[in-house]
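Here is input.txt, consisting of compact mmCIF, C-alpha atoms and all ligand atoms:
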# COMPACT_ATOMS: atom_id res chain seq x y z
CA MET A 121 111.23 -51.74 -58.12
CA GLU A 122 114.90 -51.18 -57.36
CA VAL A 123 116.49 -53.35 -54.69
CA VAL A 124 119.74 -52.16 -53.12
CA ILE A 125 121.62 -54.58 -50.87
CA VAL A 126 123.87 -52.86 -48.33
CA PRO A 127 126.27 -54.48 -45.85
CA ASP A 128 124.45 -53.39 -42.71
CA ALA A 129 121.87 -51.07 -41.18
CA ALA A 130 124.33 -48.17 -40.82
CA ALA A 131 125.14 -48.31 -44.55
CA GLY A 132 121.42 -48.33 -45.35
CA GLY A 133 120.93 -45.30 -43.11
CA GLU A 134 123.77 -43.44 -44.81
CA LEU A 135 122.54 -44.25 -48.32
CA ILE A 136 119.00 -43.04 -47.63
CA ALA A 137 120.21 -39.95 -45.76
CA GLU A 138 122.27 -39.09 -48.86
CA ALA A 139 119.17 -39.48 -51.04
CA ILE A 140 117.21 -37.20 -48.71
CA GLY A 141 120.07 -34.69 -48.81
CA ALA A 142 120.06 -34.76 -52.62
CA LEU A 143 116.29 -34.25 -52.64
CA LEU A 144 116.57 -31.27 -50.27
CA SER A 145 119.21 -29.65 -52.46
CA ARG A 146 116.83 -29.93 -55.46
CA ARG A 147 113.75 -29.06 -53.45
CA PRO A 148 114.53 -27.37 -50.13
CA ASP A 149 110.94 -27.50 -48.86
CA ALA A 150 110.41 -31.17 -49.76
CA LEU A 151 107.74 -33.01 -47.78
CA LEU A 152 109.42 -36.01 -46.13
CA GLY A 153 107.19 -38.85 -45.02
CA VAL A 154 108.78 -40.62 -42.08
CA ALA A 155 108.21 -43.98 -40.47
CA THR A 156 108.59 -45.07 -36.88
CA GLY A 157 109.96 -48.32 -35.45
CA SER A 158 113.63 -49.15 -34.92
CA THR A 159 114.62 -49.64 -38.55
CA PRO A 160 114.67 -46.02 -39.79
CA LEU A 161 116.64 -44.69 -36.81
CA PRO A 162 120.03 -44.98 -38.63
CA VAL A 163 118.57 -42.81 -41.42
CA TYR A 164 117.54 -40.09 -38.98
CA ARG A 165 120.89 -40.20 -37.21
CA ALA A 166 122.86 -40.01 -40.46
CA LEU A 167 120.68 -37.16 -41.74
CA ALA A 168 120.97 -35.19 -38.49
CA ALA A 169 124.78 -35.60 -38.64
CA LYS A 170 124.80 -34.18 -42.19
CA VAL A 171 122.70 -31.24 -41.03
CA ARG A 172 125.04 -30.58 -38.08
CA SER A 173 128.13 -30.72 -40.31
CA GLY A 174 126.54 -28.35 -42.82
CA ALA A 175 126.54 -30.93 -45.63
CA VAL A 176 122.72 -30.80 -45.82
CA ASP A 177 120.46 -27.79 -45.35
CA ALA A 178 117.17 -29.11 -43.96
CA SER A 179 115.97 -25.77 -42.63
CA ARG A 180 112.99 -25.61 -45.00
CA ALA A 181 112.15 -29.34 -44.95
CA ARG A 182 108.66 -30.43 -43.99
CA VAL A 183 107.96 -33.71 -42.21
CA CYS A 184 104.80 -35.80 -42.12
CA GLN A 185 103.73 -38.86 -40.20
CA LEU A 186 102.83 -42.22 -41.71
CA ASP A 187 100.65 -43.61 -38.95
CA GLU A 188 99.57 -43.16 -35.35
CA TYR A 189 98.09 -45.03 -32.43
CA VAL A 190 94.51 -44.22 -31.52
CA GLY A 191 93.65 -43.33 -27.96
CA LEU A 192 97.04 -42.68 -26.39
CA PRO A 193 96.90 -39.52 -24.27
CA PRO A 194 98.40 -36.46 -25.98
CA GLY A 195 102.12 -36.28 -25.25
CA HIS A 196 102.43 -40.03 -24.53
CA PRO A 197 106.12 -40.78 -25.24
CA GLU A 198 105.23 -43.68 -27.56
CA SER A 199 102.61 -41.85 -29.61
CA TYR A 200 104.11 -41.66 -33.07
CA ARG A 201 103.73 -37.88 -32.93
CA SER A 202 106.07 -37.85 -29.91
CA VAL A 203 108.45 -40.32 -31.55
CA VAL A 204 108.71 -38.32 -34.79
CA LEU A 205 109.20 -35.06 -32.90
CA ARG A 206 111.93 -36.68 -30.79
CA GLU A 207 113.73 -38.70 -33.47
CA VAL A 208 113.32 -36.52 -36.56
CA VAL A 209 111.93 -33.02 -36.10
CA GLU A 210 114.08 -31.92 -33.15
CA PRO A 211 117.39 -33.48 -34.33
CA LEU A 212 116.95 -31.76 -37.71
CA GLY A 213 116.45 -28.44 -35.93
CA LEU A 214 112.91 -28.02 -37.30
CA SER A 215 109.94 -26.53 -35.50
CA GLU A 216 106.59 -28.21 -34.93
CA ALA A 217 105.17 -25.86 -37.57
CA SER A 218 106.99 -27.87 -40.26
CA PHE A 219 105.44 -31.13 -39.05
CA MET A 220 102.07 -32.68 -39.79
CA GLY A 221 100.34 -35.84 -38.63
CA PRO A 222 96.89 -37.34 -38.10
CA ASP A 223 95.07 -36.60 -34.85
CA GLY A 224 95.07 -39.90 -32.95
CA SER A 225 93.01 -38.46 -30.10
CA ALA A 226 90.23 -36.98 -32.26
CA GLU A 227 86.64 -37.74 -31.20
CA ASP A 228 85.74 -38.38 -34.83
CA VAL A 229 88.58 -40.58 -36.02
CA GLN A 230 87.21 -41.01 -39.54
CA ALA A 231 86.99 -37.24 -40.01
CA ALA A 232 90.57 -36.90 -38.72
CA CYS A 233 91.73 -39.49 -41.29
CA GLU A 234 89.99 -37.73 -44.15
CA ALA A 235 91.36 -34.38 -42.98
CA TYR A 236 94.88 -35.81 -42.98
CA ASP A 237 94.60 -37.16 -46.52
CA ARG A 238 93.37 -33.72 -47.63
CA ALA A 239 96.18 -31.97 -45.76
CA LEU A 240 98.79 -34.15 -47.48
CA ALA A 241 97.34 -33.32 -50.90
CA GLU A 242 97.10 -29.60 -50.08
CA ALA A 243 100.76 -29.67 -48.99
CA GLY A 244 101.61 -30.80 -52.52
CA GLY A 245 101.97 -34.51 -51.77
CA VAL A 246 104.78 -36.46 -50.17
CA ASP A 247 108.08 -36.18 -52.04
CA LEU A 248 109.88 -39.07 -50.35
CA GLN A 249 108.19 -41.62 -48.10
CA LEU A 250 110.43 -43.67 -45.88
CA LEU A 251 108.92 -47.01 -44.88
CA GLY A 252 109.82 -49.90 -42.63
CA ILE A 253 108.13 -53.28 -42.89
CA GLY A 254 106.39 -55.41 -40.30
CA THR A 255 107.24 -59.09 -39.96
CA ASP A 256 103.83 -59.77 -41.54
CA GLY A 257 104.59 -57.52 -44.51
CA HIS A 258 102.69 -54.44 -43.30
CA ILE A 259 103.67 -50.92 -44.30
CA GLY A 260 102.52 -48.08 -42.10
CA PHE A 261 99.91 -49.97 -40.15
CA ASN A 262 98.30 -51.53 -43.22
CA GLU A 263 97.93 -55.05 -41.93
CA PRO A 264 97.54 -58.08 -44.23
CA CYS A 265 94.42 -57.92 -46.42
CA SER A 266 94.31 -54.12 -46.35
CA SER A 267 92.84 -52.77 -49.57
CA LEU A 268 95.59 -51.90 -52.00
CA ALA A 269 93.54 -48.79 -52.85
CA SER A 270 93.00 -47.77 -49.22
CA ARG A 271 93.12 -44.19 -47.97
CA THR A 272 94.08 -42.96 -44.51
CA ARG A 273 91.73 -44.70 -42.07
CA ILE A 274 91.42 -46.54 -38.79
CA LYS A 275 92.77 -50.10 -38.61
CA THR A 276 92.89 -52.83 -35.98
CA LEU A 277 96.34 -54.27 -35.25
CA THR A 278 97.02 -57.96 -35.53
CA GLU A 279 98.15 -59.85 -32.43
CA ARG A 280 101.54 -60.31 -34.17
CA THR A 281 102.09 -56.55 -34.55
CA ARG A 282 100.99 -55.86 -30.97
CA ILE A 283 103.50 -58.46 -29.74
CA ASP A 284 106.23 -56.94 -31.98
CA ASN A 285 105.51 -53.43 -30.68
CA ALA A 286 105.16 -54.37 -26.99
CA ARG A 287 108.88 -53.62 -26.57
CA PHE A 288 108.01 -49.92 -26.77
CA PHE A 289 105.41 -50.37 -23.99
CA ASP A 290 107.43 -51.96 -21.16
CA ASP A 291 107.09 -55.37 -22.90
CA ASP A 292 103.45 -55.31 -21.85
CA ILE A 293 101.11 -56.16 -24.72
CA ASP A 294 98.13 -54.88 -22.74
CA GLN A 295 99.50 -51.35 -23.08
CA VAL A 296 99.69 -51.58 -26.89
CA PRO A 297 96.61 -49.98 -28.44
CA HIS A 298 94.40 -52.15 -30.63
CA HIS A 299 93.51 -49.32 -32.98
CA VAL A 300 95.60 -47.09 -35.18
CA ILE A 301 95.36 -44.53 -37.95
CA THR A 302 97.47 -45.24 -40.99
CA GLN A 303 98.00 -43.68 -44.36
CA GLY A 304 96.34 -46.11 -46.75
CA ILE A 305 98.24 -48.11 -49.31
CA GLY A 306 96.68 -45.93 -52.01
CA THR A 307 97.86 -42.87 -50.09
CA ILE A 308 101.40 -44.25 -49.76
CA LEU A 309 101.51 -45.06 -53.47
CA GLU A 310 100.84 -41.37 -54.22
CA SER A 311 104.19 -40.39 -52.69
CA ARG A 312 106.69 -39.53 -55.41
CA HIS A 313 109.39 -41.85 -54.10
CA PRO A 314 108.69 -44.55 -51.52
CA ILE A 315 111.85 -46.03 -49.98
CA LEU A 316 111.45 -49.14 -47.85
CA LEU A 317 114.30 -50.00 -45.49
CA ALA A 318 114.46 -53.49 -43.95
CA THR A 319 117.24 -54.88 -41.80
CA GLY A 320 117.80 -58.13 -39.96
CA GLU A 321 116.93 -61.75 -40.63
CA GLY A 322 113.49 -61.35 -39.07
CA LYS A 323 112.42 -59.32 -42.12
CA ALA A 324 113.90 -61.66 -44.77
CA GLU A 325 110.68 -63.56 -45.51
CA ALA A 326 108.55 -60.40 -45.70
CA VAL A 327 111.13 -58.79 -48.00
CA ALA A 328 111.24 -61.81 -50.33
CA GLN A 329 107.46 -61.84 -50.61
CA THR A 330 107.35 -58.06 -51.11
CA VAL A 331 109.92 -58.03 -53.89
CA GLU A 332 109.58 -61.42 -55.58
CA GLY A 333 106.08 -62.55 -54.67
CA PRO A 334 102.83 -61.59 -56.37
CA VAL A 335 101.15 -58.25 -55.69
CA ALA A 336 98.69 -59.32 -53.04
CA SER A 337 97.01 -57.66 -50.09
CA ILE A 338 98.13 -60.54 -47.85
CA VAL A 339 101.58 -58.91 -48.14
CA PRO A 340 100.69 -55.21 -48.13
CA ALA A 341 104.23 -54.04 -48.99
CA SER A 342 104.01 -55.94 -52.30
CA ALA A 343 101.82 -53.04 -53.51
CA LEU A 344 105.08 -51.11 -53.95
CA GLN A 345 105.56 -53.16 -57.13
CA LEU A 346 102.84 -50.94 -58.61
CA HIS A 347 104.84 -47.75 -58.02
CA PRO A 348 107.02 -46.54 -60.91
CA HIS A 349 109.83 -45.40 -58.59
CA ALA A 350 109.97 -47.55 -55.47
CA THR A 351 113.26 -48.41 -53.79
CA VAL A 352 113.86 -51.25 -51.35
CA VAL A 353 117.07 -51.00 -49.31
CA VAL A 354 117.99 -54.16 -47.41
CA ASP A 355 120.96 -55.34 -45.44
CA GLU A 356 122.51 -58.74 -46.14
CA ALA A 357 120.39 -60.47 -43.50
CA ALA A 358 117.11 -59.07 -44.77
CA ALA A 359 118.20 -59.94 -48.33
CA SER A 360 119.00 -63.54 -47.43
CA LYS A 361 115.83 -65.02 -48.95
CA LEU A 362 115.93 -63.09 -52.24
CA LYS A 363 116.39 -65.41 -55.22
CA LEU A 364 117.58 -62.55 -57.42
CA ALA A 365 120.06 -61.12 -54.90
CA ASP A 366 123.03 -61.45 -57.28
CA TYR A 367 121.12 -59.69 -60.03
CA PHE A 368 120.18 -56.85 -57.69
CA ARG A 369 123.82 -56.52 -56.59
CA ALA A 370 125.11 -56.44 -60.16
CA THR A 371 122.48 -53.93 -61.25
CA TYR A 372 123.28 -51.53 -58.44
CA ALA A 373 127.05 -51.92 -58.90
CA ALA A 374 126.67 -50.91 -62.55
CA LYS A 375 124.32 -47.99 -61.86
CA PRO A 376 125.63 -44.58 -62.94
CA ALA A 377 126.30 -42.46 -59.84
CA TRP A 378 124.37 -39.48 -61.25
CA GLN A 379 121.12 -41.45 -61.06
CA GLY A 380 121.13 -41.55 -57.25
CA LEU A 381 118.45 -43.68 -55.65
C1 LIG B 401 105.30 -50.41 -36.83
C2 LIG B 401 105.17 -49.20 -37.72
C3 LIG B 401 105.73 -49.46 -39.11
C4 LIG B 401 107.11 -50.08 -39.00
C5 LIG B 401 107.01 -51.39 -38.25
C6 LIG B 401 108.32 -52.13 -38.16
O1 LIG B 401 104.29 -51.33 -37.03
N1 LIG B 401 103.81 -48.78 -37.85
O2 LIG B 401 105.78 -48.25 -39.85
O3 LIG B 401 107.64 -50.30 -40.28
O4 LIG B 401 106.55 -51.08 -36.93
O5 LIG B 401 109.07 -51.67 -37.08
P1 LIG B 401 110.60 -52.01 -36.83
O6 LIG B 401 111.33 -51.18 -37.82
O7 LIG B 401 110.86 -51.58 -35.43
O8 LIG B 401 110.76 -53.45 -37.06
Rewritten as structure tokens:
Amino acid sequence: MEVVIVPDAAAGGELIAEAIGALLSRRPDALLGVATGSTPLPVYRALAAKVRSGAVDASRARVCQLDEYVGLPPGHPESYRSVVLREVVEPLGLSEASFMGPDGSAEDVQAACEAYDRALAEAGGVDLQLLGIGTDGHIGFNEPCSSLASRTRIKTLTERTRIDNARFFDDDIDQVPHHVITQGIGTILESRHPILLATGEGKAEAVAQTVEGPVASIVPASALQLHPHATVVVDEAAASKLKLADYFRATYAAKPAWQGL
């Protein structure tokens, strides 16, 4: 696992947008797995700016969703489908045809989950999966004690996550759904390059456990230790509880530029 410590969220966004740009120049129709939440927004803004300036050609990029609420009416502004269309697909100038996600309003949720896993595989698999992290160490919506081999499925949110996400629902926890669909940890580990971005002191403990703790389902993000090419990008605040921070800094400073992320 490579850990890159950047000065702030904007620098993290720029670094990951550059990595996505490099991927798209190698593979123009790359399948980009995108996360929601506040953390990845600087990535999407930096990438959209590169597309506007002509530095990156994203015209053939494909985008896929990581997770989704269950039971929100179609078109709800906080459904993750709406969020990804608004924050990623539209700013990159892509059409809905280049976007895929699980159906959070399906009658048969389990069938929708299985169909989504199949669709990801049929699309050739995710080339780069951007991830945030919950304060409890979740990735996607894989809450603590999720199976590390899990596939896309329905999950029940913890009270902690519903409180954290209430800010997107008028600060009213009662509006936050209890159930979600999430790519499983096993599904996420099949992506060719997972990149986790964490910013702010509130994520420092989860980051330390993810990077330096044991692989354990109580901290779902720690499963990234099992991936041969996982990158964790953190700002100084989110890195503040890492014991090996100086080592990570020195390693990245000495990294040949041609290697990229
Ligand atoms: C939600 C999403 C996660 C995201 C997390 C953290 O739970 N399902 O994918 O990583 O929120 O969000 P934020 O980046 O806003 O802290």
Quick one: axis-aligned box around all listed atoms of stretch 369-372 of chain A, 5 Å on every side, centre and edge lengths in Å to one decimal, written as JSON.
{"center_x": 123.8, "center_y": -54.0, "center_z": -58.9, "size_x": 12.6, "size_y": 15.0, "size_z": 14.7}
>> Could you check which residues have any atom within 7 Å of (100.0, -53.8, -47.2), counting all atoms listed in the file with coordinates taken straight from the file, and then list them as JSON, numbers by chain?
In response: {"A": [257, 258, 259, 262, 263, 264, 265, 266, 268, 305, 337, 339, 340, 341, 342, 343]}
>> Neighbouring residues of ligand LIG 401 (chain B) are defined here as those with any atom at most 8 Å from a ligand atom, counting all atoms listed in the file; list them as a PyMOL selection string.
In response: chain A and resi 155-160+186-188+251-255+258-261+281+284-285+302+318+323
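Of the residues under consideration (A:Leu240, A:Ala365, A:Glu234, A:Gly133), A:Leu240 shows the shortest atom-to-atom contact distance to A:Val183 when counting only C-alpha atoms.
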> Hey, what's within 12 Å of A:Ser218 if we count all atoms listed in the file and toss same-chain stuff fewer than 2 positions away? As a ChimeraX atom specification, please?
Replying inline: /A:149-153,178-185,204-205,208-210,212-216,220-221,243
Dump of C-alpha atoms for the selected residues, as a JSON list (two decimals), keeping the file's coordinate frame:
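Generated file (result.json):
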[["chain", "number", "residue", "atom", "x", "y", "z"],
["A", 149, "ASP", "CA", 110.94, -27.50, -48.86],
["A", 150, "ALA", "CA", 110.41, -31.17, -49.76],
["A", 151, "LEU", "CA", 107.74, -33.01, -47.78],
["A", 152, "LEU", "CA", 109.42, -36.01, -46.13],
["A", 153, "GLY", "CA", 107.19, -38.85, -45.02],
["A", 178, "ALA", "CA", 117.17, -29.11, -43.96],
["A", 179, "SER", "CA", 115.97, -25.77, -42.63],
["A", 180, "ARG", "CA", 112.99, -25.61, -45.00],
["A", 181, "ALA", "CA", 112.15, -29.34, -44.95],
["A", 182, "ARG", "CA", 108.66, -30.43, -43.99],
["A", 183, "VAL", "CA", 107.96, -33.71, -42.21],
["A", 184, "CYS", "CA", 104.80, -35.80, -42.12],
["A", 185, "GLN", "CA", 103.73, -38.86, -40.20],
["A", 204, "VAL", "CA", 108.71, -38.32, -34.79],
["A", 205, "LEU", "CA", 109.20, -35.06, -32.90],
["A", 208, "VAL", "CA", 113.32, -36.52, -36.56],
["A", 209, "VAL", "CA", 111.93, -33.02, -36.10],
["A", 210, "GLU", "CA", 114.08, -31.92, -33.15],
["A", 212, "LEU", "CA", 116.95, -31.76, -37.71],
["A", 213, "GLY", "CA", 116.45, -28.44, -35.93],
["A", 214, "LEU", "CA", 112.91, -28.02, -37.30],
["A", 215, "SER", "CA", 109.94, -26.53, -35.50],
["A", 216, "GLU", "CA", 106.59, -28.21, -34.93],
["A", 220, "MET", "CA", 102.07, -32.68, -39.79],
["A", 221, "GLY", "CA", 100.34, -35.84, -38.63],
["A", 243, "ALA", "CA", 100.76, -29.67, -48.99]]
Write out as a CSV table (one decimal) with C-alpha atoms, in the coordinates of the input the residues lying within 7 Å of A:Ile293, counting only C-alpha atoms and excluding same-chain residues fewer than 5 positions away.
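The resulting file, part.csv, is reproduced below:
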chain,number,residue,atom,x,y,z
A,282,ARG,CA,101.0,-55.9,-31.0
A,283,ILE,CA,103.5,-58.5,-29.7
A,286,ALA,CA,105.2,-54.4,-27.0
> Which of these residues is nearest to A:Ala377, using only C-alpha atoms: A:Val353, A:Cys233, A:Leu316, A:Ala139?
Replying inline: A:Ala139
Under the rule of at most 10 Å, produce a per-residue listing of stretch 278-357 of chain A near stretch 223-226 of chain A: chain, number, name, the closest pair of atoms, and the distance in Å, as CSV, using all atoms listed in the file.
residue,atom,partner,partner_atom,distance
A:His299,CA,A:Gly224,CA,9.5
A:Val300,CA,A:Gly224,CA,7.5
A:Ile301,CA,A:Gly224,CA,6.8
A:Thr302,CA,A:Gly224,CA,9.9
>> Report, in Å to a single decimal, how far apart atom CA of A:Leu309 and atom CA of A:Thr330 are.
In response: 14.4 Å
> From the list A:Glu310, A:Asp177, A:Glu279, A:Glu227, which residue is nearest A:Ala241 when using only C-alpha atoms?
Replying inline: A:Glu310
